Amino acid sequence: MEAIVYEEFGGPEVLRHATGVAVPEPGPGEVRVKVAAVGLNPVDWKRRYGWVEEFYPTTFPAVPGLEFAGTVDALGEGVTDLAVGDEVLGWTKTGAYAEYAIAGTVVPKPAELSWEAAASLPVAGETAQRVLDLIGVGEGETLFLHGAAGVVGSVAVQLAVAAGITVVGSASESNHAYLRELGAIPVAYGEGLADRVRAAAPDGVDAVFDAAGHGVLPVAIELLGGEGTADKRRIATIAATDAAEHGIVFSGVSGTPDAVRAGLTAQARQAVEGTLTVRLADTLPLKEAARAQELSESGHVRGKLVLLP
């Protein structure tokens with residue numbers, strides 16, 4: 001089968017487009033999926049560099065990619081809840097940058113949802129909801145969301161606003177109109193960020209969700225009262241690998257399979273109804289995975305990149 005493979009850590013050049021990769025066989029309780037679309041995430045290239053081994057250990061040769069949408073192609077022994085031909089979206093155990101993959105946690109894909117939209121949902125939706133739950137932010141509270149116009153950030157904005165949470169979101173000026181459309185109060189990145197957040201939320205911030213990194217954790221602590229006063233349980237990051245040095249949780253682990261499936265099923269339905277959207281930046285053929293990761297790493301992509309095998 002066609003797949004993207006890498007055998008060492010490094011830059012985009014370590015990614016190899018291969019055409020003779022063995023098709024994986026489903027074991028007991030597993031299903032194989034013919035992949036229709038692959039969602040690209042920053043963690044894909046962070047894993048390629050070897051930066052997140054603590055959370056996502058790598059075995060070489062490795063196939064990148066966590067999320068996909070596709071059609072069930074083969075059933076392992078004992079599988080009764082899925083059938084060959086079922087359209088699904090979710091996570092893979094064997095890497096999503098491939099023609100075929102062994103499914104991990106999956107849910108049915110609504111017929112009205114495009115392959116590209118379906119492949120864009122699992123990681124962003126699960127991550128956004130997991131972090132919102134982790135920091136315990138709820139109706140009537142104010143959240144500062146750093147990196148609010150990114151894929152995870154924009155989904156988190158929508159989920160939070162729908163839950164009655166006031167969201168102050170940082171983004172580049174070019175994305176401020178987009179954040180207003182989603183219901184957030186935009187503020188600019190850069191020096192003086194804490195002051196701009198305070199001006200946008202004069203009654204204070206109750207929790208902080210860092211979806212972008214770039215040294216914002218000291219600002220997060222300051223917004224919640226400063227070192228020694230801030231309740232750091234109400235701050236979480238998915239981007240700052242130095243989180244432990246600040247006493248902050250780096251959230252990189254999914255919840256229970258049942259909870260993850262329930263959340264993704266609900267979000268897929270919301271996507272069909274138009275109440276939850278993921279902005280699509282571009283689609284590229286699988287063989288251009290290295291270029292796609294370069295684009296993602298540049299930080300200048302507006303929305304989700306999707307690979308098509």
# chains A, B, ... in the order shown; residues from 1 in each chain; ligands from 1

$ residues_around --residues "range 291-297 of chain A" --least-positions-apart "6" --cutoff "10 Å" --atoms "only C-alpha atoms" --output "PyMOL selection string"
chain A and resi 11-13+15+40-46+48+282-285+303-307

$ residues_around --residues "Leu276 in chain A" --least-positions-apart "5" --cutoff "9 Å" --atoms "only C-alpha atoms" --output "PDB file with all heavy atoms, in the first residue's frame"
ATOM      1  N   VAL A 155     -12.176  25.463  17.756  1.00  0.00           N
ATOM      2  CA  VAL A 155     -13.186  24.518  18.229  1.00  0.00           C
ATOM      3  C   VAL A 155     -13.481  24.769  19.708  1.00  0.00           C
ATOM      4  O   VAL A 155     -14.640  24.762  20.137  1.00  0.00           O
ATOM      5  CB  VAL A 155     -12.733  23.067  17.995  1.00  0.00           C
ATOM      6  CG1 VAL A 155     -13.685  22.087  18.678  1.00  0.00           C
ATOM      7  CG2 VAL A 155     -12.668  22.765  16.499  1.00  0.00           C
ATOM      8  N   GLN A 158     -15.807  27.692  20.173  1.00  0.00           N
ATOM      9  CA  GLN A 158     -17.202  27.372  19.870  1.00  0.00           C
ATOM     10  C   GLN A 158     -17.851  26.556  20.987  1.00  0.00           C
ATOM     11  O   GLN A 158     -18.996  26.798  21.377  1.00  0.00           O
ATOM     12  CB  GLN A 158     -17.282  26.617  18.544  1.00  0.00           C
ATOM     13  CG  GLN A 158     -16.888  27.473  17.349  1.00  0.00           C
ATOM     14  CD  GLN A 158     -16.766  26.659  16.078  1.00  0.00           C
ATOM     15  OE1 GLN A 158     -17.768  26.280  15.472  1.00  0.00           O
ATOM     16  NE2 GLN A 158     -15.532  26.372  15.668  1.00  0.00           N
ATOM     17  N   LEU A 159     -17.124  25.572  21.516  1.00  0.00           N
ATOM     18  CA  LEU A 159     -17.667  24.747  22.596  1.00  0.00           C
ATOM     19  C   LEU A 159     -17.874  25.576  23.856  1.00  0.00           C
ATOM     20  O   LEU A 159     -18.886  25.425  24.556  1.00  0.00           O
ATOM     21  CB  LEU A 159     -16.724  23.577  22.881  1.00  0.00           C
ATOM     22  CG  LEU A 159     -16.562  22.538  21.762  1.00  0.00           C
ATOM     23  CD1 LEU A 159     -15.505  21.507  22.153  1.00  0.00           C
ATOM     24  CD2 LEU A 159     -17.877  21.854  21.446  1.00  0.00           C
ATOM     25  N   GLN A 267     -20.079  15.864  18.428  1.00  0.00           N
ATOM     26  CA  GLN A 267     -19.457  16.917  17.634  1.00  0.00           C
ATOM     27  C   GLN A 267     -19.680  16.695  16.136  1.00  0.00           C
ATOM     28  O   GLN A 267     -19.842  17.655  15.381  1.00  0.00           O
ATOM     29  CB  GLN A 267     -17.979  16.999  17.969  1.00  0.00           C
ATOM     30  CG  GLN A 267     -17.734  17.570  19.354  1.00  0.00           C
ATOM     31  CD  GLN A 267     -16.356  17.303  19.892  1.00  0.00           C
ATOM     32  OE1 GLN A 267     -15.485  16.789  19.181  1.00  0.00           O
ATOM     33  NE2 GLN A 267     -16.123  17.650  21.145  1.00  0.00           N
ATOM     34  N   ALA A 268     -19.693  15.422  15.690  1.00  0.00           N
ATOM     35  CA  ALA A 268     -19.983  15.139  14.284  1.00  0.00           C
ATOM     36  C   ALA A 268     -21.396  15.594  13.931  1.00  0.00           C
ATOM     37  O   ALA A 268     -21.636  16.157  12.850  1.00  0.00           O
ATOM     38  CB  ALA A 268     -19.804  13.650  14.002  1.00  0.00           C
ATOM     39  N   ARG A 269     -22.334  15.371  14.845  1.00  0.00           N
ATOM     40  CA  ARG A 269     -23.707  15.812  14.614  1.00  0.00           C
ATOM     41  C   ARG A 269     -23.767  17.341  14.594  1.00  0.00           C
ATOM     42  O   ARG A 269     -24.468  17.930  13.756  1.00  0.00           O
ATOM     43  CB  ARG A 269     -24.626  15.239  15.703  1.00  0.00           C
ATOM     44  CG  ARG A 269     -26.089  15.640  15.605  1.00  0.00           C
ATOM     45  CD  ARG A 269     -26.669  15.447  14.220  1.00  0.00           C
ATOM     46  NE  ARG A 269     -26.460  14.101  13.684  1.00  0.00           N
ATOM     47  CZ  ARG A 269     -26.692  13.770  12.423  1.00  0.00           C
ATOM     48  NH1 ARG A 269     -27.120  14.676  11.564  1.00  0.00           N
ATOM     49  NH2 ARG A 269     -26.461  12.528  12.014  1.00  0.00           N
ATOM     50  N   GLN A 270     -23.038  18.004  15.501  1.00  0.00           N
ATOM     51  CA  GLN A 270     -22.999  19.467  15.508  1.00  0.00           C
ATOM     52  C   GLN A 270     -22.414  20.001  14.201  1.00  0.00           C
ATOM     53  O   GLN A 270     -22.855  21.027  13.684  1.00  0.00           O
ATOM     54  CB  GLN A 270     -22.155  19.966  16.689  1.00  0.00           C
ATOM     55  CG  GLN A 270     -22.800  19.783  18.055  1.00  0.00           C
ATOM     56  CD  GLN A 270     -21.836  20.179  19.156  1.00  0.00           C
ATOM     57  OE1 GLN A 270     -20.910  19.445  19.501  1.00  0.00           O
ATOM     58  NE2 GLN A 270     -22.032  21.365  19.703  1.00  0.00           N
ATOM     59  N   ALA A 271     -21.416  19.311  13.672  1.00  0.00           N
ATOM     60  CA  ALA A 271     -20.806  19.735  12.409  1.00  0.00           C
ATOM     61  C   ALA A 271     -21.819  19.651  11.270  1.00  0.00           C
ATOM     62  O   ALA A 271     -21.872  20.532  10.406  1.00  0.00           O
ATOM     63  CB  ALA A 271     -19.578  18.882  12.108  1.00  0.00           C
TER      64      ALA A 271
END

$ residues_around --residues "range 237-251 of chain A" --least-positions-apart "2" --cutoff "7 Å" --atoms "only C-alpha atoms" --output "MDAnalysis selection string"
chainID A and resid 131 209:213 232 235 253

$ write_last_selection --atoms "N, CA and C atoms" --output "tab-separated table (two decimals), in the first residue's frame"
chain	number	residue	atom	x	y	z
A	131	VAL	N	-9.58	19.65	27.51
A	131	VAL	CA	-8.93	20.73	28.25
A	131	VAL	C	-9.95	21.61	28.95
A	209	PHE	N	-6.50	28.48	28.83
A	209	PHE	CA	-6.26	27.36	27.93
A	209	PHE	C	-5.21	27.83	26.93
A	210	ASP	N	-4.02	27.26	27.00
A	210	ASP	CA	-2.93	27.62	26.09
A	210	ASP	C	-2.89	26.62	24.94
A	211	ALA	N	-3.29	27.08	23.75
A	211	ALA	CA	-3.26	26.21	22.58
A	211	ALA	C	-2.14	26.57	21.62
A	212	ALA	N	-1.26	27.51	22.01
A	212	ALA	CA	-0.25	28.00	21.09
A	212	ALA	C	1.17	27.97	21.62
A	213	GLY	N	1.36	27.99	22.94
A	213	GLY	CA	2.72	28.01	23.48
A	213	GLY	C	3.35	29.38	23.36
A	232	LYS	N	-3.17	26.96	39.77
A	232	LYS	CA	-2.62	26.43	38.52
A	232	LYS	C	-3.42	25.26	37.97
A	235	ILE	N	-5.19	26.21	34.77
A	235	ILE	CA	-4.39	26.51	33.59
A	235	ILE	C	-3.94	25.19	32.99
A	253	VAL	N	-3.05	13.51	26.85
A	253	VAL	CA	-3.59	12.15	26.95
A	253	VAL	C	-5.10	12.20	26.84

$ atom_distance --atom1 "CA of Ala103 in chain A" --atom2 "CA of Thr59 in chain A"
17.7 Å

$ residues_around --residues "Thr142 in chain A" --least-positions-apart "5" --cutoff "6 Å" --atoms "only C-alpha atoms" --output "list in words"
Ile165, Thr166, Val167, Val205 and Asp206 of chain A

$ write_last_selection --atoms "C-alpha atoms" --output "PDB file, in the first residue's frame"
ATOM      1  CA  ILE A 165     -18.486  30.937  28.870  1.00  0.00           C
ATOM      2  CA  THR A 166     -17.038  34.346  27.961  1.00  0.00           C
ATOM      3  CA  VAL A 167     -13.932  33.784  25.833  1.00  0.00           C
ATOM      4  CA  VAL A 205     -10.102  35.674  34.069  1.00  0.00           C
ATOM      5  CA  ASP A 206     -11.147  32.407  35.723  1.00  0.00           C
TER       6      ASP A 206
END

$ residues_around --residues "Leu286 in chain A" --least-positions-apart "5" --cutoff "8 Å" --atoms "only C-alpha atoms" --output "list in words"
Ala3, Ile4, Tyr97, Ala98, Leu307, Leu308 and Pro309 of chain A

$ closest_residue --among "A:Val168, A:Ala69, A:Val35, A:Ala74" --to "Glu116 in chain A" --atoms "only C-alpha atoms"
A:Ala69

$ residues_around --residues "Lys109 in chain A" --least-positions-apart "3" --cutoff "12 Å" --atoms "only C-alpha atoms" --output "short mmCIF file (atom, residue, chain, number, x, y, z; two decimals) with N, CA and C atoms, in the first residue's frame"
data_model
loop_
_atom_site.label_atom_id
_atom_site.label_comp_id
_atom_site.auth_asym_id
_atom_site.auth_seq_id
_atom_site.Cartn_x
_atom_site.Cartn_y
_atom_site.Cartn_z
N ALA A 36 -9.88 7.55 3.69
CA ALA A 36 -10.35 8.49 2.68
C ALA A 36 -9.75 9.88 2.86
N PHE A 68 -8.34 10.24 11.18
CA PHE A 68 -8.70 9.91 9.80
C PHE A 68 -10.21 9.77 9.68
N ALA A 69 -10.66 9.69 8.45
CA ALA A 69 -12.01 9.25 8.13
C ALA A 69 -11.89 8.25 7.00
N GLY A 70 -12.72 7.21 7.01
CA GLY A 70 -12.61 6.20 5.97
C GLY A 70 -13.69 5.14 6.09
N THR A 71 -13.53 4.07 5.35
CA THR A 71 -14.52 3.00 5.27
C THR A 71 -13.96 1.70 5.83
N VAL A 72 -14.72 1.06 6.71
CA VAL A 72 -14.28 -0.21 7.28
C VAL A 72 -14.08 -1.22 6.14
N GLY A 85 -17.81 -1.82 5.11
CA GLY A 85 -18.58 -0.81 4.39
C GLY A 85 -19.03 0.36 5.24
N ASP A 86 -18.96 0.23 6.57
CA ASP A 86 -19.33 1.34 7.45
C ASP A 86 -18.37 2.51 7.27
N GLU A 87 -18.91 3.70 7.19
CA GLU A 87 -18.09 4.91 7.13
C GLU A 87 -17.87 5.43 8.55
N VAL A 88 -16.59 5.67 8.91
CA VAL A 88 -16.24 6.03 10.28
C VAL A 88 -15.24 7.18 10.29
N LEU A 89 -15.11 7.78 11.47
CA LEU A 89 -14.04 8.75 11.71
C LEU A 89 -13.50 8.51 13.10
N GLY A 90 -12.25 8.87 13.30
CA GLY A 90 -11.66 8.67 14.62
C GLY A 90 -10.15 8.61 14.55
N VAL A 106 -13.28 4.80 17.10
CA VAL A 106 -13.99 5.37 15.96
C VAL A 106 -15.48 5.47 16.25
N GLU A 112 -23.98 13.08 5.77
CA GLU A 112 -23.96 14.46 5.30
C GLU A 112 -22.61 15.14 5.51
N LEU A 113 -21.71 14.51 6.24
CA LEU A 113 -20.41 15.11 6.58
C LEU A 113 -19.37 14.68 5.55
N SER A 114 -18.69 15.64 4.95
CA SER A 114 -17.68 15.32 3.95
C SER A 114 -16.50 14.59 4.59
N TRP A 115 -15.76 13.86 3.77
CA TRP A 115 -14.57 13.17 4.29
C TRP A 115 -13.59 14.15 4.91
N GLU A 116 -13.40 15.30 4.24
CA GLU A 116 -12.44 16.28 4.74
C GLU A 116 -12.87 16.83 6.10
N ALA A 117 -14.16 17.16 6.23
CA ALA A 117 -14.65 17.68 7.51
C ALA A 117 -14.58 16.61 8.59
N ALA A 118 -14.90 15.38 8.23
CA ALA A 118 -14.86 14.30 9.22
C ALA A 118 -13.46 14.06 9.73
N ALA A 119 -12.47 14.10 8.85
CA ALA A 119 -11.08 13.86 9.26
C ALA A 119 -10.51 15.02 10.06
N LEU A 121 -12.14 16.55 12.56
CA LEU A 121 -12.80 16.68 13.86
C LEU A 121 -12.15 15.95 15.04
N PRO A 122 -11.68 14.71 14.89
CA PRO A 122 -11.36 13.92 16.09
C PRO A 122 -10.37 14.57 17.05
N ARG A 261 -15.72 8.61 22.50
CA ARG A 261 -16.69 8.27 21.45
C ARG A 261 -17.95 9.13 21.57
N LEU A 264 -17.15 12.70 20.36
CA LEU A 264 -16.95 12.80 18.92
C LEU A 264 -18.26 12.60 18.16
N THR A 265 -19.10 11.70 18.64
CA THR A 265 -20.41 11.50 18.01
C THR A 265 -21.23 12.79 18.07
N ALA A 266 -21.23 13.43 19.23
CA ALA A 266 -21.98 14.68 19.39
C ALA A 266 -21.41 15.78 18.50
N GLN A 267 -20.08 15.86 18.43
CA GLN A 267 -19.46 16.92 17.63
C GLN A 267 -19.68 16.69 16.14
N ALA A 268 -19.69 15.42 15.69
CA ALA A 268 -19.98 15.14 14.28
C ALA A 268 -21.40 15.59 13.93
N ARG A 269 -22.33 15.37 14.84
CA ARG A 269 -23.71 15.81 14.61
C ARG A 269 -23.77 17.34 14.59
N ALA A 271 -21.42 19.31 13.67
CA ALA A 271 -20.81 19.73 12.41
C ALA A 271 -21.82 19.65 11.27
N VAL A 272 -22.63 18.60 11.27
CA VAL A 272 -23.67 18.45 10.25
C VAL A 272 -24.70 19.57 10.39
#

$ select_by_dssp --residues "range 32-176 of chain A" --states "alpha helix (DSSP H)" --output "VMD selection string"
chain A and resid 42 to 49 115 to 120 122 to 134 151 to 162 176

$ closest_residue --among "A:Ala200, A:Ala148, A:Ala124, A:Leu132" --to "Arg233 in chain A" --atoms "only C-alpha atoms"
A:Leu132

$ closest_residue --among "A:Val216, A:Ala290, A:Leu193, A:Val33" --to "Ala83 in chain A" --atoms "only C-alpha atoms"
A:Val33

$ closest_residue --among "A:Pro108, A:Gly138, A:Gly252, A:Pro202" --to "Glu54 in chain A" --atoms "only C-alpha atoms"
A:Gly252

$ select_by_dssp --residues "range 50-242 of chain A" --states "strand (DSSP E or B)" --output "MDAnalysis selection string"
chainID A and resid 62 67:75 87:92 98 100:108 142:146 166:171 185:188 207:210 235:237

$ closest_residue --among "A:Ala177, A:Ala37, A:Leu134, A:Val79" --to "Glu67 in chain A" --atoms "only C-alpha atoms"
A:Ala37
